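Raw contents of my_file-v5.pdb, PDB, C-alpha atoms:
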ATOM      1  CA  MET A   1      31.782  -2.141 -61.458  1.00  0.00           C
ATOM      2  CA  ASN A   2      29.403  -2.798 -64.318  1.00  0.00           C
ATOM      3  CA  LEU A   3      28.171  -0.128 -66.717  1.00  0.00           C
ATOM      4  CA  GLN A   4      24.857  -1.984 -66.958  1.00  0.00           C
ATOM      5  CA  SER A   5      24.188  -1.660 -63.221  1.00  0.00           C
ATOM      6  CA  ASN A   6      21.444   0.644 -62.055  1.00  0.00           C
ATOM      7  CA  ASP A   7      22.333   3.278 -59.461  1.00  0.00           C
ATOM      8  CA  PHE A   8      21.197   1.110 -56.554  1.00  0.00           C
ATOM      9  CA  GLU A   9      23.310  -1.828 -57.702  1.00  0.00           C
ATOM     10  CA  LEU A  10      26.290   0.443 -58.334  1.00  0.00           C
ATOM     11  CA  PHE A  11      26.075   1.777 -54.780  1.00  0.00           C
ATOM     12  CA  SER A  12      25.215  -1.646 -53.280  1.00  0.00           C
ATOM     13  CA  VAL A  13      22.079  -0.287 -51.599  1.00  0.00           C
ATOM     14  CA  PRO A  14      18.547  -1.716 -51.555  1.00  0.00           C
ATOM     15  CA  LEU A  15      16.263  -0.931 -54.486  1.00  0.00           C
ATOM     16  CA  GLN A  16      13.922   1.214 -52.391  1.00  0.00           C
ATOM     17  CA  PHE A  17      13.039   4.832 -51.692  1.00  0.00           C
ATOM     18  CA  VAL A  18      14.282   5.014 -48.105  1.00  0.00           C
ATOM     19  CA  GLN A  19      18.066   5.293 -48.061  1.00  0.00           C
ATOM     20  CA  ASP A  20      20.676   5.982 -45.416  1.00  0.00           C
ATOM     21  CA  ARG A  21      22.345   9.233 -46.490  1.00  0.00           C
ATOM     22  CA  MET A  22      25.514   8.497 -44.511  1.00  0.00           C
ATOM     23  CA  GLN A  23      25.802   5.124 -46.244  1.00  0.00           C
ATOM     24  CA  LEU A  24      25.339   6.781 -49.647  1.00  0.00           C
ATOM     25  CA  ASP A  25      27.987   9.385 -48.843  1.00  0.00           C
ATOM     26  CA  ALA A  26      30.468   6.750 -47.663  1.00  0.00           C
ATOM     27  CA  ARG A  27      29.858   4.537 -50.692  1.00  0.00           C
ATOM     28  CA  TRP A  28      30.260   7.534 -53.041  1.00  0.00           C
ATOM     29  CA  LYS A  29      33.673   8.245 -51.520  1.00  0.00           C
ATOM     30  CA  GLU A  30      34.696   4.583 -51.881  1.00  0.00           C
ATOM     31  CA  LEU A  31      33.596   4.425 -55.508  1.00  0.00           C
ATOM     32  CA  GLN A  32      35.266   7.724 -56.372  1.00  0.00           C
ATOM     33  CA  HIS A  33      38.475   6.475 -54.796  1.00  0.00           C
ATOM     34  CA  GLU A  34      38.312   3.232 -56.828  1.00  0.00           C
ATOM     35  CA  ALA A  35      37.651   5.043 -60.108  1.00  0.00           C
ATOM     36  CA  HIS A  36      39.859   8.095 -59.674  1.00  0.00           C
ATOM     37  CA  PRO A  37      41.673   8.739 -62.989  1.00  0.00           C
ATOM     38  CA  ASP A  38      45.000   9.393 -61.236  1.00  0.00           C
ATOM     39  CA  LYS A  39      45.068   5.738 -60.152  1.00  0.00           C
ATOM     40  CA  PHE A  40      45.182   4.771 -63.827  1.00  0.00           C
ATOM     41  CA  ALA A  41      47.900   7.208 -64.959  1.00  0.00           C
ATOM     42  CA  ALA A  42      50.436   4.427 -65.489  1.00  0.00           C
ATOM     43  CA  GLN A  43      47.980   2.499 -67.681  1.00  0.00           C
ATOM     44  CA  GLY A  44      47.766   5.217 -70.299  1.00  0.00           C
ATOM     45  CA  PRO A  45      45.204   7.669 -71.680  1.00  0.00           C
ATOM     46  CA  ALA A  46      42.568   5.062 -72.595  1.00  0.00           C
ATOM     47  CA  ALA A  47      42.440   3.736 -69.031  1.00  0.00           C
ATOM     48  CA  GLN A  48      42.281   7.275 -67.671  1.00  0.00           C
ATOM     49  CA  ARG A  49      39.390   8.125 -70.028  1.00  0.00           C
ATOM     50  CA  LEU A  50      37.514   5.035 -68.877  1.00  0.00           C
ATOM     51  CA  ALA A  51      38.158   5.975 -65.246  1.00  0.00           C
ATOM     52  CA  MET A  52      36.861   9.475 -65.969  1.00  0.00           C
ATOM     53  CA  GLN A  53      33.703   8.002 -67.502  1.00  0.00           C
ATOM     54  CA  TRP A  54      33.231   5.891 -64.392  1.00  0.00           C
ATOM     55  CA  SER A  55      33.773   8.914 -62.197  1.00  0.00           C
ATOM     56  CA  VAL A  56      31.063  10.800 -64.100  1.00  0.00           C
ATOM     57  CA  ARG A  57      28.717   7.785 -63.888  1.00  0.00           C
ATOM     58  CA  ILE A  58      29.316   7.506 -60.120  1.00  0.00           C
ATOM     59  CA  ASN A  59      28.610  11.224 -59.616  1.00  0.00           C
ATOM     60  CA  GLU A  60      25.407  11.069 -61.661  1.00  0.00           C
ATOM     61  CA  ALA A  61      24.188   8.063 -59.668  1.00  0.00           C
ATOM     62  CA  TYR A  62      25.070   9.773 -56.387  1.00  0.00           C
ATOM     63  CA  GLN A  63      23.166  12.924 -57.349  1.00  0.00           C
ATOM     64  CA  ARG A  64      20.093  10.823 -58.197  1.00  0.00           C
ATOM     65  CA  LEU A  65      20.239   8.680 -55.080  1.00  0.00           C
ATOM     66  CA  LYS A  66      20.829  11.446 -52.547  1.00  0.00           C
ATOM     67  CA  ASP A  67      17.936  13.621 -53.759  1.00  0.00           C
ATOM     68  CA  PRO A  68      14.544  12.205 -52.666  1.00  0.00           C
ATOM     69  CA  LEU A  69      12.628  13.597 -55.645  1.00  0.00           C
ATOM     70  CA  ARG A  70      15.152  12.366 -58.196  1.00  0.00           C
ATOM     71  CA  ARG A  71      15.399   9.004 -56.416  1.00  0.00           C
ATOM     72  CA  ALA A  72      11.605   8.581 -56.479  1.00  0.00           C
ATOM     73  CA  SER A  73      11.481   9.479 -60.168  1.00  0.00           C
ATOM     74  CA  TYR A  74      14.260   7.016 -60.914  1.00  0.00           C
ATOM     75  CA  LEU A  75      12.528   4.217 -58.997  1.00  0.00           C
ATOM     76  CA  CYS A  76       9.323   4.791 -60.935  1.00  0.00           C
ATOM     77  CA  GLU A  77      11.228   4.725 -64.208  1.00  0.00           C
ATOM     78  CA  LEU A  78      13.085   1.531 -63.236  1.00  0.00           C
ATOM     79  CA  HIS A  79       9.678  -0.074 -62.686  1.00  0.00           C
ATOM     80  CA  GLY A  80       8.355   0.963 -66.089  1.00  0.00           C
ATOM     81  CA  VAL A  81       6.488   4.098 -65.026  1.00  0.00           C
ATOM     82  CA  PRO A  82       8.228   7.159 -66.463  1.00  0.00           C
ATOM     83  CA  ILE A  83       7.345  10.465 -64.834  1.00  0.00           C
ATOM     84  CA  ASN A  84       6.924  12.398 -68.117  1.00  0.00           C
ATOM     85  CA  ALA A  85       6.251  15.602 -66.179  1.00  0.00           C
ATOM     86  CA  GLU A  86       6.493  17.722 -69.324  1.00  0.00           C
ATOM     87  CA  ASN A  87       3.812  15.653 -71.112  1.00  0.00           C
ATOM     88  CA  ASN A  88       1.675  14.384 -68.246  1.00  0.00           C
ATOM     89  CA  THR A  89       0.342  17.362 -66.328  1.00  0.00           C
ATOM     90  CA  ALA A  90      -2.917  15.790 -65.143  1.00  0.00           C
ATOM     91  CA  MET A  91      -3.449  16.506 -61.455  1.00  0.00           C
ATOM     92  CA  PRO A  92      -6.282  15.745 -59.047  1.00  0.00           C
ATOM     93  CA  GLY A  93      -8.856  18.523 -58.710  1.00  0.00           C
ATOM     94  CA  ASP A  94      -8.177  19.168 -55.018  1.00  0.00           C
ATOM     95  CA  PHE A  95      -4.459  19.544 -55.748  1.00  0.00           C
ATOM     96  CA  LEU A  96      -5.197  22.049 -58.518  1.00  0.00           C
ATOM     97  CA  MET A  97      -7.514  24.009 -56.216  1.00  0.00           C
ATOM     98  CA  GLN A  98      -4.778  24.169 -53.587  1.00  0.00           C
ATOM     99  CA  GLN A  99      -2.314  25.448 -56.196  1.00  0.00           C
ATOM    100  CA  MET A 100      -4.764  28.151 -57.271  1.00  0.00           C
ATOM    101  CA  GLU A 101      -5.223  29.226 -53.642  1.00  0.00           C
ATOM    102  CA  TRP A 102      -1.456  29.380 -53.177  1.00  0.00           C
ATOM    103  CA  ARG A 103      -1.045  31.453 -56.341  1.00  0.00           C
ATOM    104  CA  GLU A 104      -3.728  33.872 -55.195  1.00  0.00           C
ATOM    105  CA  ALA A 105      -2.123  34.136 -51.755  1.00  0.00           C
ATOM    106  CA  LEU A 106       1.268  34.703 -53.377  1.00  0.00           C
ATOM    107  CA  ASP A 107      -0.134  37.430 -55.630  1.00  0.00           C
ATOM    108  CA  ALA A 108      -1.721  39.140 -52.610  1.00  0.00           C
ATOM    109  CA  ALA A 109       1.321  38.755 -50.321  1.00  0.00           C
ATOM    110  CA  ASP A 110       3.171  41.981 -49.663  1.00  0.00           C
ATOM    111  CA  SER A 111       5.215  41.177 -46.567  1.00  0.00           C
ATOM    112  CA  LEU A 112       8.015  38.806 -45.670  1.00  0.00           C
ATOM    113  CA  GLU A 113       5.814  37.277 -42.994  1.00  0.00           C
ATOM    114  CA  GLU A 114       3.114  36.363 -45.532  1.00  0.00           C
ATOM    115  CA  LEU A 115       5.673  34.987 -47.967  1.00  0.00           C
ATOM    116  CA  ASN A 116       7.329  32.928 -45.243  1.00  0.00           C
ATOM    117  CA  GLU A 117       3.933  31.463 -44.285  1.00  0.00           C
ATOM    118  CA  ILE A 118       3.267  30.480 -47.900  1.00  0.00           C
ATOM    119  CA  ALA A 119       6.742  28.941 -48.219  1.00  0.00           C
ATOM    120  CA  LEU A 120       6.252  27.010 -44.976  1.00  0.00           C
ATOM    121  CA  GLU A 121       2.888  25.673 -46.112  1.00  0.00           C
ATOM    122  CA  GLY A 122       4.490  24.590 -49.382  1.00  0.00           C
ATOM    123  CA  LYS A 123       7.359  22.867 -47.569  1.00  0.00           C
ATOM    124  CA  LEU A 124       4.931  21.038 -45.275  1.00  0.00           C
ATOM    125  CA  THR A 125       2.916  19.908 -48.278  1.00  0.00           C
ATOM    126  CA  GLY A 126       6.136  18.736 -49.911  1.00  0.00           C
ATOM    127  CA  ASN A 127       7.100  16.762 -46.811  1.00  0.00           C
ATOM    128  CA  ASN A 128       3.661  15.126 -46.729  1.00  0.00           C
ATOM    129  CA  LEU A 129       4.010  14.207 -50.407  1.00  0.00           C
ATOM    130  CA  LEU A 130       7.401  12.635 -49.689  1.00  0.00           C
ATOM    131  CA  LEU A 131       5.814  10.491 -46.975  1.00  0.00           C
ATOM    132  CA  LYS A 132       3.089   9.389 -49.416  1.00  0.00           C
ATOM    133  CA  ILE A 133       5.725   8.622 -52.041  1.00  0.00           C
ATOM    134  CA  GLU A 134       7.698   6.537 -49.543  1.00  0.00           C
ATOM    135  CA  GLN A 135       4.573   4.553 -48.656  1.00  0.00           C
ATOM    136  CA  LEU A 136       3.609   4.034 -52.296  1.00  0.00           C
ATOM    137  CA  LEU A 137       7.105   2.989 -53.404  1.00  0.00           C
ATOM    138  CA  ASP A 138       8.399   0.925 -50.505  1.00  0.00           C
ATOM    139  CA  ALA A 139       5.274  -0.522 -48.870  1.00  0.00           C
ATOM    140  CA  GLU A 140       2.621  -0.660 -51.577  1.00  0.00           C
ATOM    141  CA  LYS A 141       4.863  -0.951 -54.662  1.00  0.00           C
ATOM    142  CA  ASP A 142       2.315   1.204 -56.527  1.00  0.00           C
ATOM    143  CA  PHE A 143       4.593   2.947 -59.003  1.00  0.00           C
ATOM    144  CA  VAL A 144       1.743   4.474 -61.027  1.00  0.00           C
ATOM    145  CA  LYS A 145       0.318   6.314 -58.009  1.00  0.00           C
ATOM    146  CA  ALA A 146       3.846   7.170 -56.844  1.00  0.00           C
ATOM    147  CA  ALA A 147       4.577   8.765 -60.227  1.00  0.00           C
ATOM    148  CA  GLN A 148       1.498  10.986 -59.839  1.00  0.00           C
ATOM    149  CA  GLN A 149       2.700  12.071 -56.402  1.00  0.00           C
ATOM    150  CA  VAL A 150       6.186  12.712 -57.796  1.00  0.00           C
ATOM    151  CA  ARG A 151       4.693  15.027 -60.445  1.00  0.00           C
ATOM    152  CA  SER A 152       2.770  16.830 -57.695  1.00  0.00           C
ATOM    153  CA  LEU A 153       5.936  17.191 -55.627  1.00  0.00           C
ATOM    154  CA  MET A 154       7.778  18.616 -58.628  1.00  0.00           C
ATOM    155  CA  PHE A 155       5.097  21.287 -58.917  1.00  0.00           C
ATOM    156  CA  VAL A 156       5.205  22.063 -55.187  1.00  0.00           C
ATOM    157  CA  GLU A 157       9.005  22.341 -55.173  1.00  0.00           C
ATOM    158  CA  ARG A 158       8.949  24.730 -58.159  1.00  0.00           C
ATOM    159  CA  PHE A 159       6.316  26.812 -56.411  1.00  0.00           C
ATOM    160  CA  VAL A 160       8.296  26.946 -53.146  1.00  0.00           C
ATOM    161  CA  ASP A 161      11.444  27.871 -55.083  1.00  0.00           C
ATOM    162  CA  GLY A 162       9.515  30.759 -56.660  1.00  0.00           C
ATOM    163  CA  VAL A 163       8.300  31.935 -53.259  1.00  0.00           C
ATOM    164  CA  ASN A 164      11.848  31.746 -51.903  1.00  0.00           C
ATOM    165  CA  ASP A 165      13.113  33.778 -54.863  1.00  0.00           C
ATOM    166  CA  ARG A 166      10.557  36.437 -54.037  1.00  0.00           C
ATOM    167  CA  ILE A 167      11.602  36.372 -50.376  1.00  0.00           C
ATOM    168  CA  ASP A 168      15.213  36.865 -51.442  1.00  0.00           C
ATOM    169  CA  LEU A 169      14.227  39.915 -53.472  1.00  0.00           C
ATOM    170  CA  MET A 170      12.441  41.482 -50.481  1.00  0.00           C
ATOM    171  CA  GLN A 171      15.292  41.005 -48.033  1.00  0.00           C
ATOM    172  CA  PRO A 172      17.869  43.777 -47.727  1.00  0.00           C
TER     173      PRO A 172
END
Can the structure in the file be given as structure tokens, please?
Amino acid sequence: MNLQSNDFELFSVPLQFVQDRMQLDARWKELQHEAHPDKFAAQGPAAQRLAMQWSVRINEAYQRLKDPLRRASYLCELHGVPINAENNTAMPGDFLMQQMEWREALDAADSLEELNEIALEGKLTGNNLLLKIEQLLDAEKDFVKAAQQVRSLMFVERFVDGVNDRIDLMQP
């Protein structure tokens, strides 16, 4: 294992958006087994600390690779296009209009059925954005456009999370 490796190299998977989750899970278990601090107990505290650092690094990489949004962000960053969601909030006009409509619908919603419909629409939009991101990253290699879609997906996921929180509050 090399500390300079990116997550994809560390996990020996292709540098692409589409990943096999079962392969990621299996590789995570292998890497954790290799780096487990208990295996280095006889080599002393320094070796155990290094193993612990590797274990943390493996877990961080796994969390990034298994989550589609985090994986897409990471791919953009690896290709020189940071997401900068906190600084770059520019969105296409039609996307902003959709968000305003959702907010208005959410403000007007007073039943679980209405909230569930809004959440479903948000989830479908999120799924469509993931498909666009996959196309932009893996087929077109357009990391600038992919980064814009990633920022949009971040917004949609936050919105859906908010709707789900409201649903949770309404349920007995």
Checklist line | Result set of the PyMOL selection byres ((chain A and resi 13) around 12) on the coordinates above, as a ChimeraX atom specification | finding: /A:5-12,14-28,61-62,65-66
Preceding selection exported with C-alpha atoms as a PDB file, keeping the file's coordinate frame:
ATOM      1  CA  SER A   5      24.188  -1.660 -63.221  1.00  0.00           C
ATOM      2  CA  ASN A   6      21.444   0.644 -62.055  1.00  0.00           C
ATOM      3  CA  ASP A   7      22.333   3.278 -59.461  1.00  0.00           C
ATOM      4  CA  PHE A   8      21.197   1.110 -56.554  1.00  0.00           C
ATOM      5  CA  GLU A   9      23.310  -1.828 -57.702  1.00  0.00           C
ATOM      6  CA  LEU A  10      26.290   0.443 -58.334  1.00  0.00           C
ATOM      7  CA  PHE A  11      26.075   1.777 -54.780  1.00  0.00           C
ATOM      8  CA  SER A  12      25.215  -1.646 -53.280  1.00  0.00           C
ATOM      9  CA  PRO A  14      18.547  -1.716 -51.555  1.00  0.00           C
ATOM     10  CA  LEU A  15      16.263  -0.931 -54.486  1.00  0.00           C
ATOM     11  CA  GLN A  16      13.922   1.214 -52.391  1.00  0.00           C
ATOM     12  CA  PHE A  17      13.039   4.832 -51.692  1.00  0.00           C
ATOM     13  CA  VAL A  18      14.282   5.014 -48.105  1.00  0.00           C
ATOM     14  CA  GLN A  19      18.066   5.293 -48.061  1.00  0.00           C
ATOM     15  CA  ASP A  20      20.676   5.982 -45.416  1.00  0.00           C
ATOM     16  CA  ARG A  21      22.345   9.233 -46.490  1.00  0.00           C
ATOM     17  CA  MET A  22      25.514   8.497 -44.511  1.00  0.00           C
ATOM     18  CA  GLN A  23      25.802   5.124 -46.244  1.00  0.00           C
ATOM     19  CA  LEU A  24      25.339   6.781 -49.647  1.00  0.00           C
ATOM     20  CA  ASP A  25      27.987   9.385 -48.843  1.00  0.00           C
ATOM     21  CA  ALA A  26      30.468   6.750 -47.663  1.00  0.00           C
ATOM     22  CA  ARG A  27      29.858   4.537 -50.692  1.00  0.00           C
ATOM     23  CA  TRP A  28      30.260   7.534 -53.041  1.00  0.00           C
ATOM     24  CA  ALA A  61      24.188   8.063 -59.668  1.00  0.00           C
ATOM     25  CA  TYR A  62      25.070   9.773 -56.387  1.00  0.00           C
ATOM     26  CA  LEU A  65      20.239   8.680 -55.080  1.00  0.00           C
ATOM     27  CA  LYS A  66      20.829  11.446 -52.547  1.00  0.00           C
TER      28      LYS A  66
END
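Between atom CA of Ser55 of chain A and atom CA of Gln32 of chain A the interatomic distance comes to 6.1 Å.
The residues returned by the PyMOL selection byres ((chain A and resi 143-156) around 7) for this structure are Leu69, Ala72, Ser73, Cys76, His79, Val81, Ile83, Ala85, Gly122, Gly126, Leu129, Ile133, Leu136, Leu137, Lys141, Asp142, Glu157, Arg158, Phe159 and Val160 of chain A.
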Residues of the last selection are to be written out with C-alpha atoms, as a short mmCIF file (atom, residue, chain, number, x, y, z; two decimals), in the coordinates of the input.
data_model
loop_
_atom_site.label_atom_id
_atom_site.label_comp_id
_atom_site.auth_asym_id
_atom_site.auth_seq_id
_atom_site.Cartn_x
_atom_site.Cartn_y
_atom_site.Cartn_z
CA LEU A 69 12.63 13.60 -55.64
CA ALA A 72 11.60 8.58 -56.48
CA SER A 73 11.48 9.48 -60.17
CA CYS A 76 9.32 4.79 -60.94
CA HIS A 79 9.68 -0.07 -62.69
CA VAL A 81 6.49 4.10 -65.03
CA ILE A 83 7.34 10.46 -64.83
CA ALA A 85 6.25 15.60 -66.18
CA GLY A 122 4.49 24.59 -49.38
CA GLY A 126 6.14 18.74 -49.91
CA LEU A 129 4.01 14.21 -50.41
CA ILE A 133 5.72 8.62 -52.04
CA LEU A 136 3.61 4.03 -52.30
CA LEU A 137 7.10 2.99 -53.40
CA LYS A 141 4.86 -0.95 -54.66
CA ASP A 142 2.32 1.20 -56.53
CA GLU A 157 9.01 22.34 -55.17
CA ARG A 158 8.95 24.73 -58.16
CA PHE A 159 6.32 26.81 -56.41
CA VAL A 160 8.30 26.95 -53.15
#
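Note that atom CA of Asn2 of chain A and atom CA of Pro37 of chain A are 16.9 Å apart.
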How big is the axis-aligned box around all listed atoms of segment 14-31 of chain A once 5 Å goes on each side, and where's its centre, in Å to one decimal, as AutoDock Vina command-line options?
--center_x 23.9 --center_y 3.8 --center_z -50.0 --size_x 31.7 --size_y 21.1 --size_z 21.0
